[in-house]
Every structure is written in C-alpha cells, then in structure tokens.
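Peer 1: Let me give you the structure first, and then I'll get to my questions.
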Amino acid sequence: MICSCEDSRSIFHHTEERRSRKIRKCEECRRWIPKGAKYLKMVGATQYGFWTFVMCLGCDEDWRQIRNVWYLARQELPCNCLGNLDHNVREAVDCGFLEKHDPFAVKWLGSPKERPVPQFNDEQQLVLTF
Ligand SMILES: [Zn+2]
Ligand SMILES: [Zn+2]
C-alpha cells in the first residue's frame, strides 16, 4: 500500500470553491491553475493535525469519474487520499476496469511527454497548452 487511508482519516473535511488571485499549482495533477480561474481549497484535520489541499476543477471532475469506475465495478475505491488519484487509475487499469488506452487512463498514467506542459510567454504570463 502506498498510503494509509484508515490511519489518516479526517476528523473533519471542508471544501470551498474560490477564484485564484495568483497562479497556483494543483496538488493533484501538478498543473498550473491560472490567475482568475476557479479552484478548490480543501481543509481538514486528521489525528495528526491540520492539512490543506489545492485542487483544480478538472481533478475534482476526475475524482468523480474514477469513483464512478470503481462504483460500476462494484469495488471499493483503493485509496481515498487526496493526491493519489493516479493510484486509483493505475489499480483500475491493472484490474481491467479501465482500458489502458482510454484517454482518461492516458491522462493520468501517460508518460510526462504525453502530458501538457505549462509555458510562460515573454511577459511571464502563463500560457496554457491544453
Ligand atoms: Zn488538477
Ligand atoms: Zn489512501
């Protein structure tokens, strides 16, 4: 196991949709969240202390999608930990619930070369290459 879901279960968990006043990085997919874009700010606490997590709306949607894959397979999601979405996708492919060549699987498991890379122009503004 790469995580300990049970051990790190949150005592409370709160999600808020915000609009970013600066460029941020999604902690799930590690892509940039441009200034002015909506994102999710999550806060919570486990027995070990408080945590925060920044997530783009695309990842929120992808969590919904991967949960649905496991739900349709009538299986428990392997890992509920934020930041481990790719682990759930990999397990789904390994178990045959998701095609390896499914664009969703490629998005999460493809080599870095296949993933979009954020670029900055001359004025240091973020140029999204999705
Ligand atoms: Zn993301
Ligand atoms: Zn977990």
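We label chains A, B, ... in the order they appear in the structure tokens, count residues from 1 in each chain, and number ligands from 1 in the order shown.
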Check every protein, DNA and RNA residue against ligand 1, keep those with an atom at most 12 Å away (counting only C-alpha atoms and all ligand atoms), and present them as a short mmCIF file (atom, residue, chain, number, x, y, z; two decimals) with N, CA and C atoms, in the first residue's frame.
Peer 2:
data_model
loop_
_atom_site.label_atom_id
_atom_site.label_comp_id
_atom_site.auth_asym_id
_atom_site.auth_seq_id
_atom_site.Cartn_x
_atom_site.Cartn_y
_atom_site.Cartn_z
N ARG A 24 -1.45 29.30 -9.23
CA ARG A 24 -1.25 28.25 -8.23
C ARG A 24 -0.98 26.94 -8.93
N LYS A 25 -0.60 25.97 -8.14
CA LYS A 25 -0.38 24.64 -8.71
C LYS A 25 -1.38 23.68 -8.08
N CYS A 26 -2.02 22.91 -8.93
CA CYS A 26 -2.92 21.87 -8.43
C CYS A 26 -2.06 20.79 -7.78
N GLU A 27 -2.40 20.40 -6.57
CA GLU A 27 -1.60 19.41 -5.85
C GLU A 27 -1.95 17.99 -6.27
N GLU A 28 -2.99 17.86 -7.08
CA GLU A 28 -3.36 16.53 -7.56
C GLU A 28 -2.66 16.24 -8.89
N CYS A 29 -2.90 17.07 -9.91
CA CYS A 29 -2.32 16.82 -11.24
C CYS A 29 -1.02 17.59 -11.47
N ARG A 30 -0.69 18.52 -10.55
CA ARG A 30 0.55 19.31 -10.63
C ARG A 30 0.57 20.24 -11.83
N ARG A 31 -0.60 20.51 -12.40
CA ARG A 31 -0.66 21.50 -13.48
C ARG A 31 -0.94 22.86 -12.85
N TRP A 32 -0.67 23.91 -13.63
CA TRP A 32 -0.88 25.26 -13.13
C TRP A 32 -2.35 25.64 -13.17
N ILE A 33 -2.75 26.39 -12.16
CA ILE A 33 -4.09 26.98 -12.13
C ILE A 33 -3.88 28.46 -12.42
N PRO A 34 -4.37 28.94 -13.57
CA PRO A 34 -4.10 30.35 -13.92
C PRO A 34 -4.80 31.32 -12.98
N LYS A 38 -11.19 29.37 -11.30
CA LYS A 38 -11.77 28.79 -10.09
C LYS A 38 -10.96 27.56 -9.69
N TYR A 39 -10.89 27.32 -8.41
CA TYR A 39 -10.21 26.12 -7.90
C TYR A 39 -10.84 25.75 -6.57
N LEU A 40 -10.46 24.61 -6.05
CA LEU A 40 -11.00 24.17 -4.77
C LEU A 40 -9.92 24.26 -3.69
N LYS A 41 -10.30 24.87 -2.60
CA LYS A 41 -9.42 24.91 -1.44
C LYS A 41 -10.03 23.98 -0.40
N PHE A 53 -5.28 21.49 0.96
CA PHE A 53 -5.03 20.91 -0.36
C PHE A 53 -5.65 21.81 -1.41
N VAL A 54 -4.90 22.10 -2.46
CA VAL A 54 -5.38 22.92 -3.57
C VAL A 54 -5.64 22.00 -4.76
N MET A 55 -6.84 22.07 -5.32
CA MET A 55 -7.18 21.20 -6.44
C MET A 55 -7.87 21.97 -7.55
N CYS A 56 -7.51 21.68 -8.79
CA CYS A 56 -8.19 22.33 -9.91
C CYS A 56 -9.54 21.64 -10.13
N LEU A 57 -10.42 22.32 -10.84
CA LEU A 57 -11.76 21.77 -11.04
C LEU A 57 -11.73 20.52 -11.92
N GLY A 58 -10.71 20.46 -12.80
CA GLY A 58 -10.57 19.27 -13.66
C GLY A 58 -10.34 18.02 -12.83
N CYS A 59 -9.52 18.14 -11.80
CA CYS A 59 -9.23 17.00 -10.94
C CYS A 59 -10.44 16.62 -10.10
N ASP A 60 -11.21 17.62 -9.70
CA ASP A 60 -12.43 17.34 -8.95
C ASP A 60 -13.34 16.45 -9.80
N GLU A 61 -13.45 16.83 -11.08
CA GLU A 61 -14.26 16.05 -12.02
C GLU A 61 -13.67 14.65 -12.22
N ASP A 62 -12.34 14.57 -12.29
CA ASP A 62 -11.68 13.28 -12.50
C ASP A 62 -11.84 12.36 -11.29
N TRP A 63 -11.87 12.93 -10.08
CA TRP A 63 -12.14 12.12 -8.88
C TRP A 63 -13.53 11.51 -8.99
N LEU A 82 -6.25 12.35 -0.94
CA LEU A 82 -6.00 13.37 -1.95
C LEU A 82 -4.56 13.24 -2.42
N GLY A 83 -4.35 13.46 -3.72
CA GLY A 83 -3.01 13.32 -4.26
C GLY A 83 -2.74 11.91 -4.79
N ASN A 84 -3.67 11.00 -4.58
CA ASN A 84 -3.48 9.61 -5.02
C ASN A 84 -4.46 9.20 -6.11
N LEU A 85 -4.98 10.17 -6.82
CA LEU A 85 -5.92 9.84 -7.90
C LEU A 85 -5.26 8.88 -8.91
N ASP A 86 -4.00 9.15 -9.24
CA ASP A 86 -3.32 8.30 -10.23
C ASP A 86 -3.20 6.85 -9.73
N LYS A 107 -4.29 10.13 -19.57
CA LYS A 107 -4.13 11.43 -18.92
C LYS A 107 -3.40 11.29 -17.58
N TRP A 108 -3.74 10.21 -16.85
CA TRP A 108 -3.17 10.07 -15.51
C TRP A 108 -1.93 9.20 -15.45
#
Peer 1: Would you list the contacts of A:Glu99 as a list in words, taking every protein, DNA or RNA residue within 12 Å and counting only C-alpha atoms, but skipping same-chain residues closer than 5 positions in sequence?
Peer 2: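 Within the cut-off, the hits are Val69, Val89, Arg90, Glu91, Ala92, Val93, Asp94, Phe104, Ala105, Val106 and Leu109 of chain A.
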Peer 1: Put those residues in a file: C-alpha atoms, as a short mmCIF file (atom, residue, chain, number, x, y, z; two decimals), in the first residue's frame.
Peer 2:
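This went into selection-v3.cif:
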data_model
loop_
_atom_site.label_atom_id
_atom_site.label_comp_id
_atom_site.auth_asym_id
_atom_site.auth_seq_id
_atom_site.Cartn_x
_atom_site.Cartn_y
_atom_site.Cartn_z
CA VAL A 69 -15.37 3.50 -12.44
CA VAL A 89 -6.46 4.91 -12.02
CA ARG A 90 -3.47 2.54 -12.12
CA GLU A 91 -5.30 -0.03 -9.98
CA ALA A 92 -8.37 0.26 -12.20
CA VAL A 93 -6.24 -0.48 -15.29
CA ASP A 94 -4.48 -3.37 -13.53
CA PHE A 104 -8.68 9.10 -19.02
CA ALA A 105 -6.07 6.46 -18.17
CA VAL A 106 -3.51 8.04 -20.51
CA LEU A 109 -0.70 7.34 -16.35
#
Peer 1: Please tabulate, as CSV, the residues of chain A that come within 12 Å of ligand 2, each with its closest pair of atoms and the distance in Å to one decimal, counting only C-alpha atoms and all ligand atoms and ordering rows by chain, then residue number upward.
Peer 2:
residue,atom,partner,partner_atom_place_in_ligand_line,distance
A:Met1,CA,ligand 2,1 (Zn),8.3
A:Ile2,CA,ligand 2,1 (Zn),7.4
A:Cys3,CA,ligand 2,1 (Zn),4.6
A:Ser4,CA,ligand 2,1 (Zn),5.2
A:Cys5,CA,ligand 2,1 (Zn),3.8
A:Glu6,CA,ligand 2,1 (Zn),7.5
A:Asp7,CA,ligand 2,1 (Zn),8.9
A:Ser8,CA,ligand 2,1 (Zn),7.9
A:Arg9,CA,ligand 2,1 (Zn),8.7
A:Ser10,CA,ligand 2,1 (Zn),11.3
A:Glu76,CA,ligand 2,1 (Zn),11.7
A:Leu77,CA,ligand 2,1 (Zn),9.1
A:Pro78,CA,ligand 2,1 (Zn),7.0
A:Cys79,CA,ligand 2,1 (Zn),3.7
A:Asn80,CA,ligand 2,1 (Zn),4.6
A:Cys81,CA,ligand 2,1 (Zn),4.0
A:Leu82,CA,ligand 2,1 (Zn),7.6
A:Gly83,CA,ligand 2,1 (Zn),9.0
A:Asn84,CA,ligand 2,1 (Zn),7.0
A:Leu85,CA,ligand 2,1 (Zn),9.4
A:Asp86,CA,ligand 2,1 (Zn),11.4
A:His87,CA,ligand 2,1 (Zn),9.1
A:Asn88,CA,ligand 2,1 (Zn),9.3
Peer 1: Given the selection you just returned, output its residues as a file containing C-alpha atoms, formatted as a PDB file, in the first residue's frame.
Peer 2:
ATOM      1  CA  MET A   1       0.000   0.000   0.000  1.00  0.00           C
ATOM      2  CA  ILE A   2       1.266   3.462  -0.801  1.00  0.00           C
ATOM      3  CA  CYS A   3      -0.998   5.123   1.743  1.00  0.00           C
ATOM      4  CA  SER A   4      -2.764   4.509   4.985  1.00  0.00           C
ATOM      5  CA  CYS A   5      -6.312   5.746   4.406  1.00  0.00           C
ATOM      6  CA  GLU A   6      -7.641   4.349   7.655  1.00  0.00           C
ATOM      7  CA  ASP A   7      -4.850   5.789   9.676  1.00  0.00           C
ATOM      8  CA  SER A   8      -5.116   9.247   8.181  1.00  0.00           C
ATOM      9  CA  ARG A   9      -8.898   9.506   8.066  1.00  0.00           C
ATOM     10  CA  SER A  10     -10.032  13.100   8.500  1.00  0.00           C
ATOM     11  CA  GLU A  76     -14.257  -0.261  -3.069  1.00  0.00           C
ATOM     12  CA  LEU A  77     -12.058   2.638  -4.160  1.00  0.00           C
ATOM     13  CA  PRO A  78      -8.492   1.549  -3.296  1.00  0.00           C
ATOM     14  CA  CYS A  79      -7.444   4.903  -1.896  1.00  0.00           C
ATOM     15  CA  ASN A  80      -9.359   7.959  -0.751  1.00  0.00           C
ATOM     16  CA  CYS A  81      -6.300  10.088  -0.092  1.00  0.00           C
ATOM     17  CA  LEU A  82      -6.003  13.371  -1.950  1.00  0.00           C
ATOM     18  CA  GLY A  83      -3.005  13.321  -4.263  1.00  0.00           C
ATOM     19  CA  ASN A  84      -3.480   9.611  -5.017  1.00  0.00           C
ATOM     20  CA  LEU A  85      -5.916   9.836  -7.902  1.00  0.00           C
ATOM     21  CA  ASP A  86      -3.321   8.298 -10.229  1.00  0.00           C
ATOM     22  CA  HIS A  87      -3.002   5.330  -7.872  1.00  0.00           C
ATOM     23  CA  ASN A  88      -6.732   4.643  -8.223  1.00  0.00           C
TER      24      ASN A  88
END
Peer 1: What does the structure give for the distance between atom CA of A:Arg19 and atom CA of A:Gln65, in Å to one decimal?
Peer 2: 23.2 Å
Peer 1: Excluding stretch 11-16 of chain A and residues on its chain fewer than 5 positions from it, collect all residues at most 8 Å away from it, counting only C-alpha atoms, and give them as a count of residues only.
Peer 2: 8
Peer 1: Can you pull out every residue from chain A that DSSP, working from the backbone, puts in alpha helix (DSSP H), and format the result as a ChimeraX atom specification?
Peer 2: /A:57-72,85-94,103-109
